[in-house]
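S.K.: The structure is given below, and queries will be raised subsequently.
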Amino acid sequence: ENYELGDLVVVVDTMAKDMTSDLTGKPYETGDLSKELDKRIKTAVASYCGKEEYEFGDLTAEIDRRVKNRVAEYLGNDKYEFGDITREIEKQRREWVKDYLGEEAAANYQFGDITKKAISNFTGKDTYEFGDITKKLMGNIFKKK
């Protein structure tokens, strides 16, 4: 009934040892929890990798294999090759620029062309002059209904 310094530590220690014994199915010994967790993780990884026993590097190799297969599948390729994602992104970017700017403008693309087109679409003007965006915004806000 009287609390003494360290009582809580003793209770928590006993609980941890009892829980570890429940996990391992045997009386607690130092290191049992670490060994049990290691065993369970390796078993789960081996199962994930479709193997009977875990070997160092299995998880990395399996994730690498799965990612490469998914990328190849997504791109419609038989096999993944380094750079496939980059090439696909660049291809899609070029198609978007062509759709947005037009084929001729996309073929002669220069930095800033997309911004110029967006401003032109917003202001309704072919060329930009300082203040055009502000005038358009103010016109939209204060125009008569």
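We name chains A, B, ... following the order of the structure tokens; residues begin at 1 in each chain, and ligands are numbered from 1 as shown.
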List as number ranges by chain the protein and nucleic acid residues near Leu59 (chain A), meaning an atom at most 10 Å away when only C-alpha atoms are counted, but skip any in the same chain fewer than 6 places from it.

M.R.: A: 42, 45-46, 48-49, 65

S.K.: If DSSP is run on the backbone, what residues of chain A are helix (DSSP H, G or I)? A reply as number ranges by chain would be ideal.

M.R.: A: 7-24, 32-48, 58-75, 84-101, 103-107, 113-123, 132-142

S.K.: Smallest atom-to-atom distance to Glu62 (chain A): which of A:Thr86, A:Ser47, A:Thr127, A:Asn2, using only C-alpha atoms?

M.R.: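 For Glu62 (chain A), the nearest of the candidates is A:Ser47.
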
S.K.: Neighbours of region 104-112 of chain A within 12 Å (only C-alpha atoms; same-chain residues fewer than 6 positions away dropped), as a tab-separated table (two decimals) with N, CA, C and O atoms, in the first residue's frame?

M.R.:
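So the final result, stored in around-v5.tsv, reads:
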chain	number	residue	atom	x	y	z
A	93	ARG	N	4.61	15.08	-71.25
A	93	ARG	CA	4.80	16.53	-71.17
A	93	ARG	C	4.79	17.16	-72.56
A	93	ARG	O	4.15	18.17	-72.80
A	94	ARG	N	5.49	16.52	-73.49
A	94	ARG	CA	5.52	17.04	-74.87
A	94	ARG	C	4.13	17.05	-75.50
A	94	ARG	O	3.76	18.00	-76.18
A	95	GLU	N	3.37	15.98	-75.26
A	95	GLU	CA	2.00	15.90	-75.79
A	95	GLU	C	1.13	17.01	-75.20
A	95	GLU	O	0.35	17.64	-75.92
A	96	TRP	N	1.27	17.26	-73.89
A	96	TRP	CA	0.49	18.31	-73.26
A	96	TRP	C	0.85	19.68	-73.83
A	96	TRP	O	-0.04	20.49	-74.13
A	97	VAL	N	2.15	19.95	-73.99
A	97	VAL	CA	2.58	21.23	-74.55
A	97	VAL	C	2.02	21.40	-75.96
A	97	VAL	O	1.53	22.47	-76.32
A	98	LYS	N	2.07	20.33	-76.74
A	98	LYS	CA	1.54	20.38	-78.11
A	98	LYS	C	0.03	20.67	-78.09
A	98	LYS	O	-0.46	21.50	-78.85
A	118	ALA	N	-0.98	31.32	-71.28
A	118	ALA	CA	-1.92	31.38	-70.16
A	118	ALA	C	-2.38	32.82	-69.93
A	118	ALA	O	-3.57	33.07	-69.71
A	119	ILE	N	-1.46	33.78	-69.98
A	119	ILE	CA	-1.81	35.18	-69.78
A	119	ILE	C	-2.70	35.67	-70.92
A	119	ILE	O	-3.69	36.37	-70.70

S.K.: Determine, counting only C-alpha atoms, which protein, DNA and RNA residues have an atom within 8 Å of an atom of Asp18 (chain A); residues of the same chain fewer than 4 positions away are not included. Present the result as a list in words.

M.R.: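 Result of the neighbour search: Thr14, Asp22 and Tyr28 of chain A.
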
S.K.: Taking N, CA, C and O atoms for each residue, export the selection above as a PDB file, in the first residue's frame.

M.R.:
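Once written, result-v8.pdb looks like this:
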ATOM      1  N   THR A  14       7.903  -6.596 -14.861  1.00  0.00           N
ATOM      2  CA  THR A  14       7.195  -7.876 -14.727  1.00  0.00           C
ATOM      3  C   THR A  14       6.166  -8.041 -15.844  1.00  0.00           C
ATOM      4  O   THR A  14       6.060  -9.115 -16.431  1.00  0.00           O
ATOM      5  N   ASP A  22       4.324 -14.792 -23.011  1.00  0.00           N
ATOM      6  CA  ASP A  22       3.123 -15.137 -23.781  1.00  0.00           C
ATOM      7  C   ASP A  22       3.439 -15.238 -25.275  1.00  0.00           C
ATOM      8  O   ASP A  22       2.927 -16.112 -25.971  1.00  0.00           O
ATOM      9  N   TYR A  28      10.544 -16.324 -19.572  1.00  0.00           N
ATOM     10  CA  TYR A  28      11.359 -15.222 -20.076  1.00  0.00           C
ATOM     11  C   TYR A  28      12.836 -15.412 -19.782  1.00  0.00           C
ATOM     12  O   TYR A  28      13.232 -15.808 -18.686  1.00  0.00           O
TER      13      TYR A  28
END

S.K.: Go through A:Val71, A:Asp13, A:Ile141, A:Leu101 one by one, measure the shortest atom-to-atom distance of each to Glu88 (chain A) using only C-alpha atoms, and give the residue with the smallest value.

M.R.: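 So, comparing all the options, the nearest one is A:Val71.
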
S.K.: If we count only C-alpha atoms and set the cut-off at 12 Å, which residues sit around Ile85 (chain A), ignoring sequence neighbours fewer than 5 positions away in its own chain? Please answer as a PyMOL selection string.

M.R.: chain A and resi 67-68+70-77+80+90-92

S.K.: May I have the selected residues written with N, CA and C atoms, as a CSV table (one decimal), in the first residue's frame?

M.R.:
chain,number,residue,atom,x,y,z
A,67,VAL,N,8.1,-3.4,-58.2
A,67,VAL,CA,8.0,-2.0,-58.8
A,67,VAL,C,8.3,-2.1,-60.3
A,68,LYS,N,9.4,-2.8,-60.7
A,68,LYS,CA,9.7,-2.9,-62.1
A,68,LYS,C,8.6,-3.5,-62.9
A,70,ARG,N,5.4,-3.5,-62.1
A,70,ARG,CA,4.3,-2.6,-62.2
A,70,ARG,C,4.5,-1.5,-63.2
A,71,VAL,N,5.7,-1.0,-63.2
A,71,VAL,CA,6.1,0.1,-64.2
A,71,VAL,C,6.0,-0.4,-65.6
A,72,ALA,N,6.5,-1.6,-65.9
A,72,ALA,CA,6.4,-2.2,-67.2
A,72,ALA,C,5.0,-2.4,-67.6
A,73,GLU,N,4.2,-2.9,-66.6
A,73,GLU,CA,2.8,-3.2,-66.9
A,73,GLU,C,2.0,-1.9,-67.2
A,74,TYR,N,2.3,-0.8,-66.4
A,74,TYR,CA,1.7,0.5,-66.6
A,74,TYR,C,2.0,1.1,-68.0
A,75,LEU,N,3.2,0.9,-68.4
A,75,LEU,CA,3.7,1.5,-69.7
A,75,LEU,C,3.4,0.5,-70.9
A,76,GLY,N,2.9,-0.7,-70.6
A,76,GLY,CA,2.6,-1.6,-71.7
A,76,GLY,C,3.9,-2.3,-72.2
A,77,ASN,N,4.9,-2.3,-71.4
A,77,ASN,CA,6.2,-2.9,-71.9
A,77,ASN,C,6.3,-4.4,-71.3
A,80,TYR,N,10.8,-3.9,-67.7
A,80,TYR,CA,11.3,-2.6,-67.2
A,80,TYR,C,12.7,-2.4,-67.7
A,90,GLU,N,8.4,12.6,-70.0
A,90,GLU,CA,8.8,13.5,-71.0
A,90,GLU,C,7.8,13.4,-72.2
A,91,LYS,N,7.5,12.2,-72.6
A,91,LYS,CA,6.5,12.0,-73.7
A,91,LYS,C,5.2,12.7,-73.4
A,92,GLN,N,4.7,12.5,-72.2
A,92,GLN,CA,3.4,13.1,-71.9
A,92,GLN,C,3.5,14.6,-71.7

S.K.: What's the separation between CA of Ser120 (chain A) and CA of Gly102 (chain A), in Å to one decimal place?

M.R.: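 CA of Gly102 (chain A) lies 14.2 Å from CA of Ser120 (chain A).
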